[in-house]
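With CSV, C-alpha atoms and all ligand atoms inside, this is work.csv:
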chain,number,residue,atom,x,y,z
A,654,VAL,CA,17.4,21.0,-8.3
A,655,ASN,CA,17.1,24.7,-9.2
A,656,ILE,CA,13.8,26.0,-10.7
A,657,ASP,CA,14.0,29.7,-11.5
A,658,GLY,CA,17.0,30.1,-9.2
A,659,LYS,CA,15.4,28.4,-6.2
A,660,ALA,CA,16.6,25.0,-4.9
A,661,TYR,CA,14.0,22.3,-4.4
A,662,ARG,CA,13.8,18.7,-3.4
A,663,THR,CA,10.7,16.8,-4.3
A,664,ILE,CA,9.9,16.1,-0.6
A,665,TRP,CA,10.9,18.0,2.6
A,666,LEU,CA,9.7,18.7,6.1
A,667,GLY,CA,7.3,21.6,6.6
A,668,ALA,CA,8.2,24.7,8.7
A,669,ASP,CA,6.3,23.1,11.7
A,670,GLY,CA,9.0,20.4,11.7
A,671,TRP,CA,6.6,17.4,11.3
A,672,SER,CA,4.2,17.8,8.3
A,673,VAL,CA,5.5,16.8,4.9
A,674,GLU,CA,5.7,19.0,1.9
A,675,ILE,CA,5.8,17.7,-1.7
A,676,ILE,CA,5.8,19.0,-5.2
A,677,ASP,CA,2.4,17.8,-6.5
A,678,GLN,CA,3.5,16.1,-9.8
A,679,THR,CA,-0.1,15.8,-11.0
A,680,LYS,CA,-0.1,19.5,-11.7
A,681,LEU,CA,3.2,19.6,-13.7
A,682,PRO,CA,4.2,20.8,-16.3
A,683,HIS,CA,1.5,23.4,-16.3
A,684,GLU,CA,1.8,24.5,-12.6
A,685,LEU,CA,4.5,24.1,-10.0
A,686,ALA,CA,2.2,23.3,-7.1
A,687,PHE,CA,2.9,22.0,-3.6
A,688,ALA,CA,0.9,19.9,-1.2
A,689,THR,CA,1.2,19.6,2.6
A,690,LEU,CA,0.6,16.1,4.0
A,691,LYS,CA,-0.4,15.7,7.6
A,692,THR,CA,-1.6,12.1,8.0
A,693,ALA,CA,-0.5,8.6,6.9
A,694,GLU,CA,-3.7,8.6,4.8
A,695,ASP,CA,-2.5,11.8,3.0
A,696,ALA,CA,0.8,10.0,2.3
A,697,GLY,CA,-0.9,6.9,1.0
A,698,ARG,CA,-3.1,9.0,-1.3
A,699,ALA,CA,-0.1,10.9,-2.6
A,700,ILE,CA,1.5,7.7,-3.7
A,701,LEU,CA,-1.7,6.1,-5.1
A,702,THR,CA,-2.7,9.2,-7.1
A,703,MET,CA,0.9,9.8,-8.2
A,704,GLN,CA,1.3,13.3,-6.7
A,705,VAL,CA,4.6,11.6,-5.9
A,706,ARG,CA,5.8,8.9,-8.2
A,707,GLY,CA,9.1,7.3,-9.3
A,708,ALA,CA,10.5,4.4,-7.4
A,709,PRO,CA,13.0,6.2,-5.1
A,710,LEU,CA,10.6,9.0,-4.3
A,711,ILE,CA,7.7,6.7,-3.3
A,712,GLY,CA,10.1,5.0,-1.0
A,713,ALA,CA,11.0,8.3,0.7
A,714,MET,CA,7.3,9.3,0.8
A,715,ALA,CA,6.4,6.0,2.5
A,716,ALA,CA,9.1,6.6,5.1
A,717,TYR,CA,7.6,9.9,6.0
A,718,GLY,CA,4.2,8.3,5.9
A,719,VAL,CA,5.3,6.0,8.7
A,720,CYS,CA,6.3,9.1,10.7
A,721,LEU,CA,2.9,10.7,10.2
A,722,ALA,CA,1.3,7.4,11.2
A,723,LEU,CA,3.3,7.3,14.4
A,724,ARG,CA,2.3,10.9,15.3
A,725,GLN,CA,-1.3,9.6,15.3
A,726,ASP,CA,-0.6,6.3,17.2
A,727,GLY,CA,2.7,4.9,18.3
A,728,SER,CA,1.5,1.4,19.0
A,729,ASP,CA,2.8,-1.8,17.4
A,730,GLU,CA,-0.6,-2.4,15.8
A,731,ALA,CA,-0.7,1.1,14.3
A,732,LEU,CA,2.9,0.7,13.0
A,733,ASP,CA,2.1,-2.6,11.3
A,734,GLN,CA,-1.2,-1.3,9.9
A,735,ALA,CA,0.5,1.8,8.5
A,736,ILE,CA,3.3,-0.2,6.9
A,737,ALA,CA,0.8,-2.7,5.4
A,738,THR,CA,-1.4,0.1,4.0
A,739,LEU,CA,1.4,2.2,2.5
A,740,ALA,CA,3.0,-0.9,0.9
A,741,LYS,CA,-0.3,-1.7,-0.9
A,742,GLN,CA,-0.5,1.6,-2.7
A,743,ARG,CA,1.8,0.7,-5.6
A,744,PRO,CA,3.0,-2.9,-6.1
A,745,THR,CA,5.9,-2.8,-8.6
A,746,ALA,CA,8.5,-0.4,-7.3
A,747,VAL,CA,10.3,-2.3,-4.6
A,748,ASN,CA,11.8,0.8,-3.1
A,749,LEU,CA,8.5,1.2,-1.4
A,750,ARG,CA,8.8,-2.1,0.5
A,751,TRP,CA,12.5,-1.4,1.1
A,752,ALA,CA,11.9,1.9,2.7
A,753,LEU,CA,9.0,0.6,4.9
A,754,GLU,CA,11.2,-2.3,6.2
A,755,GLU,CA,14.0,0.2,7.0
A,756,MET,CA,11.4,2.2,9.0
A,757,ARG,CA,10.1,-0.8,10.8
A,758,ALA,CA,13.7,-1.8,11.7
A,759,ALA,CA,14.5,1.7,13.0
A,760,VAL,CA,11.6,1.9,15.4
A,761,ARG,CA,10.2,-1.6,16.2
A,762,ASN,CA,12.5,-2.3,19.2
A,763,LEU,CA,12.1,1.2,20.8
A,764,PRO,CA,9.7,2.2,23.5
A,765,ARG,CA,6.7,4.1,22.2
A,766,ASP,CA,8.0,7.5,23.4
A,767,LYS,CA,11.2,7.2,21.4
A,768,ARG,CA,9.7,6.0,18.2
A,769,LEU,CA,8.6,9.2,16.6
A,770,SER,CA,11.9,11.0,16.8
A,771,ALA,CA,13.7,7.9,15.6
A,772,ALA,CA,11.3,7.6,12.7
A,773,TYR,CA,11.8,11.2,11.5
A,774,GLN,CA,15.6,10.7,11.8
A,775,ARG,CA,15.5,7.5,9.7
A,776,ALA,CA,13.2,9.1,7.1
A,777,ALA,CA,15.6,12.0,6.8
A,778,GLU,CA,18.5,9.6,6.4
A,779,ILE,CA,16.7,7.8,3.6
A,780,ALA,CA,15.9,11.0,1.8
A,781,ASP,CA,19.5,12.3,2.2
A,782,ALA,CA,21.0,9.0,1.2
A,783,ASP,CA,18.9,9.0,-2.0
A,784,VAL,CA,20.5,12.3,-3.1
A,785,LEU,CA,24.1,11.0,-2.5
A,786,THR,CA,23.3,7.7,-4.2
A,787,ASN,CA,21.9,9.4,-7.2
A,788,ARG,CA,25.0,11.7,-7.4
A,789,ALA,CA,27.2,8.6,-7.4
A,790,ILE,CA,25.0,7.0,-10.2
A,791,GLY,CA,25.5,10.2,-12.1
A,792,VAL,CA,29.3,10.1,-11.8
A,793,HIS,CA,29.5,6.5,-13.0
A,794,GLY,CA,27.0,6.9,-15.8
A,795,ALA,CA,28.5,10.2,-17.0
A,796,LYS,CA,31.7,8.3,-17.9
A,797,LEU,CA,29.7,6.2,-20.4
A,798,ILE,CA,28.3,9.3,-22.0
A,799,GLU,CA,31.8,10.9,-22.0
A,800,ALA,CA,33.3,7.8,-23.6
A,801,MET,CA,30.6,8.0,-26.3
A,802,ALA,CA,31.4,11.7,-26.8
A,803,ALA,CA,35.0,10.9,-27.3
A,804,ARG,CA,34.1,8.8,-30.3
A,805,LYS,CA,32.1,11.6,-31.9
A,806,ARG,CA,33.4,14.0,-34.6
A,807,PRO,CA,34.0,17.6,-33.5
A,808,GLY,CA,30.8,19.5,-33.2
A,809,GLU,CA,28.6,16.4,-32.9
A,810,ARG,CA,26.6,15.8,-29.7
A,811,VAL,CA,25.7,12.5,-28.0
A,812,ASN,CA,22.1,11.6,-28.4
A,813,VAL,CA,20.6,9.8,-25.4
A,814,LEU,CA,17.1,8.3,-25.5
A,815,THR,CA,15.2,7.9,-22.2
A,816,HIS,CA,11.8,6.6,-21.3
A,817,CYS,CA,9.3,7.8,-18.7
A,818,ASN,CA,10.8,10.1,-16.0
A,819,ALA,CA,13.7,8.8,-14.0
A,820,GLY,CA,15.0,12.3,-13.1
A,821,TRP,CA,15.0,14.4,-9.9
A,822,LEU,CA,11.2,14.3,-9.9
A,823,ALA,CA,11.3,10.5,-9.6
A,824,CYS,CA,13.7,10.7,-6.7
A,825,VAL,CA,14.4,13.1,-3.8
A,826,ASP,CA,16.8,15.0,-6.1
A,827,ARG,CA,19.1,14.5,-9.1
A,828,GLY,CA,17.5,11.3,-10.5
A,829,THR,CA,18.7,7.9,-11.6
A,830,ALA,CA,18.7,7.7,-15.4
A,831,LEU,CA,18.9,11.5,-15.8
A,832,SER,CA,21.7,11.9,-13.2
A,833,PRO,CA,24.4,10.8,-15.7
A,834,ILE,CA,22.9,13.2,-18.2
A,835,TYR,CA,23.0,16.1,-15.8
A,836,GLU,CA,26.6,15.2,-14.7
A,837,ALA,CA,27.9,14.9,-18.2
A,838,TYR,CA,26.1,18.1,-19.3
A,839,ASP,CA,27.3,20.1,-16.3
A,840,GLY,CA,30.8,18.8,-17.1
A,841,GLY,CA,30.7,20.3,-20.6
A,842,THR,CA,29.7,17.2,-22.8
A,843,ALA,CA,27.6,18.2,-25.8
A,844,LEU,CA,24.5,16.1,-25.6
A,845,HIS,CA,20.8,16.0,-26.5
A,846,VAL,CA,18.1,13.8,-25.1
A,847,TRP,CA,15.3,12.1,-27.0
A,848,VAL,CA,12.3,12.1,-24.5
A,849,ASP,CA,9.7,9.3,-25.0
A,850,GLU,CA,6.3,10.9,-24.3
A,851,THR,CA,5.4,7.8,-22.2
A,852,ARG,CA,1.7,7.1,-22.6
A,853,PRO,CA,-0.6,6.8,-20.9
A,854,ARG,CA,0.4,9.3,-18.2
A,855,ASN,CA,3.0,11.1,-20.3
A,856,GLN,CA,5.7,11.3,-17.7
A,857,GLY,CA,8.2,11.9,-20.4
A,858,ALA,CA,6.4,14.8,-22.2
A,859,SER,CA,5.3,16.4,-18.9
A,860,LEU,CA,7.9,15.7,-16.3
A,861,THR,CA,11.2,14.8,-18.1
A,862,ALA,CA,10.8,17.6,-20.6
A,863,PHE,CA,10.0,20.0,-17.7
A,864,GLU,CA,13.0,19.1,-15.7
A,865,LEU,CA,15.5,18.9,-18.6
A,866,GLY,CA,14.2,22.3,-19.7
A,867,ALA,CA,14.6,23.7,-16.2
A,868,HIS,CA,18.2,22.5,-16.1
A,869,GLY,CA,19.0,23.7,-19.7
A,870,VAL,CA,19.7,20.3,-21.2
A,871,PRO,CA,18.7,20.2,-24.9
A,872,TYR,CA,15.9,17.7,-25.5
A,873,THR,CA,13.2,16.7,-28.0
A,874,VAL,CA,9.9,15.0,-27.1
A,875,ILE,CA,9.1,12.0,-29.4
A,876,VAL,CA,6.1,9.8,-29.6
A,877,ASP,CA,6.6,6.4,-27.9
A,878,ASN,CA,6.7,4.6,-31.2
A,879,ALA,CA,9.5,6.7,-32.7
A,880,GLY,CA,12.5,5.3,-30.9
A,881,GLY,CA,13.1,2.3,-33.2
A,882,HIS,CA,13.0,4.5,-36.3
A,883,LEU,CA,15.4,7.0,-34.8
A,884,MET,CA,17.8,4.2,-33.9
A,885,GLN,CA,17.6,2.8,-37.5
A,886,GLN,CA,18.5,6.3,-38.7
A,887,GLY,CA,21.6,6.4,-36.5
A,888,LEU,CA,20.2,9.2,-34.4
A,889,VAL,CA,20.4,7.4,-31.0
A,890,ASP,CA,23.9,6.8,-29.5
A,891,MET,CA,22.7,5.2,-26.2
A,892,CYS,CA,19.6,4.6,-24.1
A,893,ILE,CA,19.5,5.2,-20.4
A,894,VAL,CA,16.3,4.3,-18.4
A,895,GLY,CA,15.4,3.9,-14.8
A,896,ALA,CA,14.0,0.8,-13.0
A,897,ASP,CA,11.2,0.1,-10.6
A,898,ARG,CA,12.5,-3.4,-9.6
A,899,VAL,CA,15.6,-5.4,-10.7
A,900,ALA,CA,15.4,-9.1,-10.1
A,901,ALA,CA,18.5,-11.0,-8.8
A,902,ASN,CA,19.4,-12.1,-12.3
A,903,GLY,CA,19.4,-8.6,-13.7
A,904,ASP,CA,16.0,-8.5,-15.4
A,905,VAL,CA,14.5,-5.1,-15.0
A,906,ALA,CA,10.9,-3.9,-14.5
A,907,ASN,CA,10.4,-0.3,-15.7
A,908,LYS,CA,7.6,1.8,-17.2
A,909,ILE,CA,5.6,0.1,-19.9
A,910,GLY,CA,7.4,0.4,-23.3
A,911,THR,CA,10.9,0.0,-21.9
A,912,TYR,CA,11.1,-3.5,-23.2
A,913,LEU,CA,10.3,-2.5,-26.8
A,914,LYS,CA,13.0,0.2,-26.7
A,915,ALA,CA,15.5,-2.4,-25.4
A,916,LEU,CA,14.5,-4.8,-28.3
A,917,ALA,CA,15.0,-2.0,-30.9
A,918,ALA,CA,18.3,-1.0,-29.3
A,919,LYS,CA,19.6,-4.6,-29.5
A,920,ASP,CA,18.6,-4.8,-33.2
A,921,ASN,CA,20.4,-1.6,-33.9
A,922,GLY,CA,23.5,-2.1,-31.8
A,923,VAL,CA,22.6,0.8,-29.5
A,924,PRO,CA,23.9,0.4,-25.9
A,925,PHE,CA,21.0,0.1,-23.5
A,926,TYR,CA,21.7,1.0,-19.9
A,927,VAL,CA,19.5,0.9,-16.8
A,928,ALA,CA,20.4,3.3,-13.9
A,929,MET,CA,19.2,2.4,-10.4
A,930,PRO,CA,20.2,2.4,-6.7
A,931,HIS,CA,20.6,-0.6,-4.5
A,932,SER,CA,17.1,-0.1,-3.0
A,933,THR,CA,15.6,-1.1,-6.4
A,934,ILE,CA,17.2,-4.5,-6.4
A,935,ASP,CA,14.9,-7.2,-5.1
A,936,TRP,CA,17.2,-10.0,-4.1
A,937,THR,CA,14.2,-12.2,-3.2
A,938,ILE,CA,13.0,-12.4,-6.8
A,939,ALA,CA,15.1,-14.7,-8.9
A,940,VAL,CA,13.8,-13.7,-12.4
A,941,GLY,CA,11.9,-10.8,-13.8
A,942,LYS,CA,8.7,-12.7,-14.7
A,943,ASP,CA,7.9,-13.0,-11.0
A,944,ILE,CA,7.9,-9.2,-10.5
A,945,PRO,CA,4.3,-8.0,-9.8
A,946,ILE,CA,3.1,-5.7,-12.5
A,947,GLU,CA,0.8,-2.9,-11.5
A,948,GLU,CA,-2.4,-2.6,-13.5
A,949,ARG,CA,-3.9,0.9,-13.4
A,950,SER,CA,-7.3,2.2,-14.4
A,951,ALA,CA,-8.5,2.0,-18.0
A,952,GLU,CA,-9.4,5.7,-17.7
A,953,GLU,CA,-5.7,6.6,-18.0
A,954,VAL,CA,-5.6,5.0,-21.5
A,955,LEU,CA,-9.0,6.3,-22.7
A,956,THR,CA,-8.4,10.0,-21.7
A,957,MET,CA,-5.7,12.6,-21.8
A,958,SER,CA,-5.3,15.8,-19.9
A,959,GLY,CA,-3.6,18.9,-21.1
A,960,ARG,CA,-3.8,22.7,-21.2
A,961,SER,CA,-6.4,24.1,-23.6
A,962,LYS,CA,-5.9,27.4,-25.5
A,963,ASP,CA,-7.7,29.4,-22.8
A,964,GLY,CA,-5.1,28.2,-20.3
A,965,LYS,CA,-7.3,25.7,-18.4
A,966,VAL,CA,-6.1,22.2,-17.7
A,967,VAL,CA,-8.8,19.9,-19.1
A,968,GLN,CA,-9.3,16.1,-19.6
A,969,VAL,CA,-10.5,14.8,-22.9
A,970,GLU,CA,-11.7,11.4,-24.2
A,971,ILE,CA,-9.5,10.0,-27.0
A,972,ALA,CA,-11.0,6.6,-27.7
A,973,ALA,CA,-14.3,5.5,-29.3
A,974,PRO,CA,-16.9,5.8,-26.6
A,975,GLY,CA,-17.4,2.6,-24.7
A,976,SER,CA,-14.0,1.2,-25.7
A,977,PRO,CA,-12.5,-1.3,-23.2
A,978,ALA,CA,-8.9,-0.6,-22.3
A,979,ARG,CA,-6.1,-2.4,-20.4
A,980,ASN,CA,-3.4,-0.5,-18.6
A,981,ASP,CA,-0.3,-2.5,-17.5
A,982,ALA,CA,1.9,0.2,-16.0
A,983,PHE,CA,5.3,-1.7,-16.3
A,984,ASP,CA,7.0,-4.3,-18.3
A,985,VAL,CA,10.1,-6.5,-17.8
A,986,THR,CA,13.2,-6.1,-19.9
A,987,PRO,CA,15.2,-9.3,-19.9
A,988,ALA,CA,18.8,-9.0,-18.7
A,989,ARG,CA,20.2,-10.2,-22.1
A,990,LEU,CA,19.0,-7.0,-23.7
A,991,ILE,CA,20.7,-4.7,-21.2
A,992,THR,CA,24.3,-3.5,-21.8
A,993,GLY,CA,24.9,-2.6,-18.2
A,994,LEU,CA,23.4,-1.6,-14.9
A,995,ILE,CA,24.6,1.8,-13.6
A,996,THR,CA,24.5,1.8,-9.8
A,997,GLU,CA,25.9,4.0,-7.0
A,998,ARG,CA,28.8,1.5,-6.8
A,999,GLY,CA,29.7,1.4,-10.5
A,1000,VAL,CA,28.5,-0.2,-13.7
A,1001,CYS,CA,28.0,-4.0,-13.9
A,1002,GLN,CA,26.6,-6.6,-16.2
A,1003,ALA,CA,22.9,-7.2,-15.9
A,1004,SER,CA,23.3,-10.7,-14.4
A,1005,ARG,CA,23.5,-12.4,-11.1
A,1006,ASP,CA,27.3,-12.4,-11.2
A,1007,GLY,CA,27.4,-8.7,-12.2
A,1008,LEU,CA,25.1,-7.7,-9.3
A,1009,ARG,CA,27.1,-9.8,-6.9
A,1010,SER,CA,30.4,-8.3,-8.0
A,1011,LEU,CA,29.1,-4.9,-6.8
A,1012,TYR,CA,27.1,-6.1,-3.8
A,1013,PRO,CA,29.2,-9.0,-2.5
A,1014,GLU,CA,27.5,-8.7,0.9
A,1015,ARG,CA,24.3,-10.0,-0.8
A,1016,GLY,CA,26.1,-13.1,-2.1
A,1101,LIG,O1,4.6,5.1,-12.7
A,1101,LIG,P1,5.8,5.9,-12.4
A,1101,LIG,O2,5.8,7.3,-12.9
A,1101,LIG,O3,6.0,5.9,-10.9
A,1101,LIG,O4,7.0,5.2,-13.0
A,1101,LIG,C1,8.3,5.6,-12.9
A,1101,LIG,C2,9.3,4.8,-13.7
A,1101,LIG,O5,8.9,3.8,-14.3
A,1101,LIG,C3,10.7,5.2,-13.5
A,1101,LIG,O6,11.4,5.0,-14.7
A,1101,LIG,C4,11.3,4.4,-12.4
A,1101,LIG,O7,10.5,4.5,-11.2
A,1101,LIG,C5,12.6,4.8,-12.1
A,1101,LIG,S1,12.6,6.3,-11.3
A,1101,LIG,C6,14.1,6.9,-10.8
Could you spell out this file's structure in structure tokens?
Amino acid sequence: VNIDGKAYRTIWLGADGWSVEIIDQTKLPHELAFATLKTAEDAGRAILTMQVRGAPLIGAMAAYGVCLALRQDGSDEALDQAIATLAKQRPTAVNLRWALEEMRAAVRNLPRDKRLSAAYQRAAEIADADVLTNRAIGVHGAKLIEAMAARKRPGERVNVLTHCNAGWLACVDRGTALSPIYEAYDGGTALHVWVDETRPRNQGASLTAFELGAHGVPYTVIVDNAGGHLMQQGLVDMCIVGADRVAANGDVANKIGTYLKALAAKDNGVPFYVAMPHSTIDWTIAVGKDIPIEERSAEEVLTMSGRSKDGKVVQVEIAAPGSPARNDAFDVTPARLITGLITERGVCQASRDGLRSLYPERG
């Protein structure tokens, strides 16, 4: 992505050739800050505290975390320990486990003195492949937006609603749900994005708004409860969201609130698409109700952070003092509410047969 004319990925190797640089997403949108990670513990903390977040990006982060662990200790025990610890940091996005198993497979049968370079090579491949995969998702998804644009009257734009952040900040670059939007926009399609703020951490208001703005895509931030109303008013042509894990039957776990948008979309005849790469499909889970759902701290619900008038970023309490809170970070949207899955191999039905038609090797 370009920010103020400079190209960035969300994760890259430092000038020393081994440390890992990231955009620290906890500082956005108020500050474009970077962090240097030097140990597997740094990598685990970056995932847990959401300095890096979004399913594909935490996969890439974990891959580099294994590299950092192997720098410290190249033994089998250290490898197993690092993979187990990194895997525990966030339970819902399956890309984390996928990337860690890719790393294990890349190094486990090598002698200790060959492991480190093989690990860095595989981590770089995972990061590079993510960018290409997301570009392909963009090409397939843009056709859906362009088809919608073809049905519009002259001068009208396509209104796309998205939830959370499934853009380049959630990936190594380009994004999943936002990739079709960038592709269509860059190709000249007139469009506008409704950005759900996405409480409690506001990834929509802070991250999606930031990156759409940086790219020049017209957008409007809306409160999480507005989507249904806008659909009733005919102001939403289609929804595109990302995914943290897709079960083998096409059920989709994504950021809390996705399910309610899918219900509203169904009721209003608005197409509801989920964009995701192959590494987000969990072939070992038959149905969505078996996907583990991360529960995060109550503090995220009870407080909000933002920039005060004097320019300082502050955290404020928003609930009655002493209120209990519950913070399920994801929900499951049943396949029947999903119009289609946009993958790097094309668009398919959200169903076992649909997924198998694109990934016959998993059959
Ligand atoms: O808790 P987060 O910010 O990691 O959640 C991110 C999402 O839910 C995204 O929609 C999902 O990971 C898809 S990212 C391309």
Proximity to ligand LIG 1101 (chain A) - best of A:Arg743, A:Arg960, A:Lys680, A:Arg1015, all atoms listed in the file: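 Answer, going by the shortest atom-to-atom distance: A:Arg743.
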Q. Counting all atoms listed in the file, what is within 12 Å of A:Gly959, bar same-chain residues fewer than 6 positions away, as a PyMOL selection string?
A. chain A and resi 679-684+854-855+858-859+965-970
Can I get the residues of chain A within 7 Å of ligand LIG 1101 (chain A), each with the closest pair of atoms and their distance in Å to one decimal, using all atoms listed in the file, sorted chain first then ascending number, as JSON lines?
{"residue": "A:Met703", "atom": "CA", "partner": "A:LIG1101", "partner_atom": "O3", "distance": 7.0}
{"residue": "A:Arg706", "atom": "CA", "partner": "A:LIG1101", "partner_atom": "O3", "distance": 4.0}
{"residue": "A:Gly707", "atom": "CA", "partner": "A:LIG1101", "partner_atom": "O7", "distance": 3.7}
{"residue": "A:Ala708", "atom": "CA", "partner": "A:LIG1101", "partner_atom": "O7", "distance": 3.8}
{"residue": "A:Pro709", "atom": "CA", "partner": "A:LIG1101", "partner_atom": "C6", "distance": 5.8}
{"residue": "A:Ala746", "atom": "CA", "partner": "A:LIG1101", "partner_atom": "O7", "distance": 6.6}
{"residue": "A:His816", "atom": "CA", "partner": "A:LIG1101", "partner_atom": "O6", "distance": 6.8}
{"residue": "A:Cys817", "atom": "CA", "partner": "A:LIG1101", "partner_atom": "O6", "distance": 5.3}
{"residue": "A:Asn818", "atom": "CA", "partner": "A:LIG1101", "partner_atom": "O6", "distance": 5.3}
{"residue": "A:Ala819", "atom": "CA", "partner": "A:LIG1101", "partner_atom": "C6", "distance": 3.7}
{"residue": "A:Gly820", "atom": "CA", "partner": "A:LIG1101", "partner_atom": "C6", "distance": 5.9}
{"residue": "A:Ala823", "atom": "CA", "partner": "A:LIG1101", "partner_atom": "S1", "distance": 4.7}
{"residue": "A:Cys824", "atom": "CA", "partner": "A:LIG1101", "partner_atom": "C6", "distance": 5.6}
{"residue": "A:Gly828", "atom": "CA", "partner": "A:LIG1101", "partner_atom": "C6", "distance": 5.6}
{"residue": "A:Thr829", "atom": "CA", "partner": "A:LIG1101", "partner_atom": "C6", "distance": 4.8}
{"residue": "A:Ala830", "atom": "CA", "partner": "A:LIG1101", "partner_atom": "C6", "distance": 6.6}
{"residue": "A:Gln856", "atom": "CA", "partner": "A:LIG1101", "partner_atom": "O2", "distance": 6.2}
{"residue": "A:Val894", "atom": "CA", "partner": "A:LIG1101", "partner_atom": "O6", "distance": 6.2}
{"residue": "A:Gly895", "atom": "CA", "partner": "A:LIG1101", "partner_atom": "C5", "distance": 4.0}
{"residue": "A:Ala896", "atom": "CA", "partner": "A:LIG1101", "partner_atom": "C5", "distance": 4.3}
{"residue": "A:Asp897", "atom": "CA", "partner": "A:LIG1101", "partner_atom": "O7", "distance": 4.5}
{"residue": "A:Asn907", "atom": "CA", "partner": "A:LIG1101", "partner_atom": "O5", "distance": 4.6}
{"residue": "A:Lys908", "atom": "CA", "partner": "A:LIG1101", "partner_atom": "O5", "distance": 3.8}
{"residue": "A:Met929", "atom": "CA", "partner": "A:LIG1101", "partner_atom": "C6", "distance": 6.8}
{"residue": "A:Ala982", "atom": "CA", "partner": "A:LIG1101", "partner_atom": "O1", "distance": 6.5}
{"residue": "A:Phe983", "atom": "CA", "partner": "A:LIG1101", "partner_atom": "O5", "distance": 6.9}
Item to complete: List the neighbours of A:Pro945 out to 12 Å using all atoms listed in the file; skip same-chain residues closer than 4 positions along the sequence, and give me the result as a count of residues only.
Response: 22
query: Residues at most 7 Å from stretch 694-699 of chain A, counting all atoms listed in the file, excluding those fewer than 3 positions away in the same chain, as a list of chain:residue names?
result: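 Here the answer would be A:Leu690, A:Lys691, A:Thr702, A:Met703, A:Gln704, A:Val705, A:Met714, A:Ala715, A:Gly718, A:Leu739, A:Gln742.
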From the list A:Ala782, A:Val927, A:Ala862, A:Ala668, the nearest residue to A:Gly993 using only C-alpha atoms is A:Val927
task: Measure the distance from atom CA of A:His931 to atom CA of A:Asp849 in Å and round it to one decimal.
output: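 We find that atom CA of A:His931 and atom CA of A:Asp849 lie 25.2 Å from each other.
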- Atomic distance atom CA of A:Ala972 - atom CA of A:Leu814, expressed in Å with one decimal: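 Value for the atom CA of A:Ala972-atom CA of A:Leu814 distance: 28.2 Å.
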Please report the interatomic distance between atom CA of A:Ala731 and atom CA of A:Val719 in Å with one decimal.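 Interatomic distance, atom CA of A:Ala731 to atom CA of A:Val719: 9.6 Å.
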Using all atoms listed in the file, the best pick from A:Thr842, A:Gln1002, A:Thr873, A:Thr956 as closest to A:Ala901 would be A:Gln1002
Residue with the minimum atom-to-atom distance to A:Gln774, picked from A:Gly866, A:Ser832, A:Leu666, A:Glu809 with only C-alpha atoms counted, is A:Leu666
>> My list of candidates is A:Ala795, A:Val813, A:Ala735, A:Cys720. Which is closest to A:Ala772 when distances are computed with all atoms listed in the file?
In response: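 That would be A:Cys720, the residue with the smallest distance to A:Ala772.
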Counting all atoms listed in the file, find the residues whose atoms lie at most 12 Å from (13.9, 11.5, 8.2) (file coordinates) and write them out as a count of residues only.
-> 36
- Item | Closest of A:Ile909, A:Ala918, A:Leu844, A:Ile934 to A:His882 - atom-to-atom distances counting all atoms listed in the file |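 For A:His882, the nearest of the given residues is A:Ala918.
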Next item on the list: Within 7 Å of A:Leu888, counting all atoms listed in the file, which residues show up once you throw out same-chain ones fewer than 4 positions away? Write them as an MDAnalysis selection string, please.
Entry: chainID A and resid 812 883:884
message = Which residues are close to A:Gln885, i.e. within 10 Å by only C-alpha atoms, leaving aside same-chain residues fewer than 4 positions away? Reply as an MDAnalysis selection string.
response = chainID A and resid 880:881 889 917:918 920:923
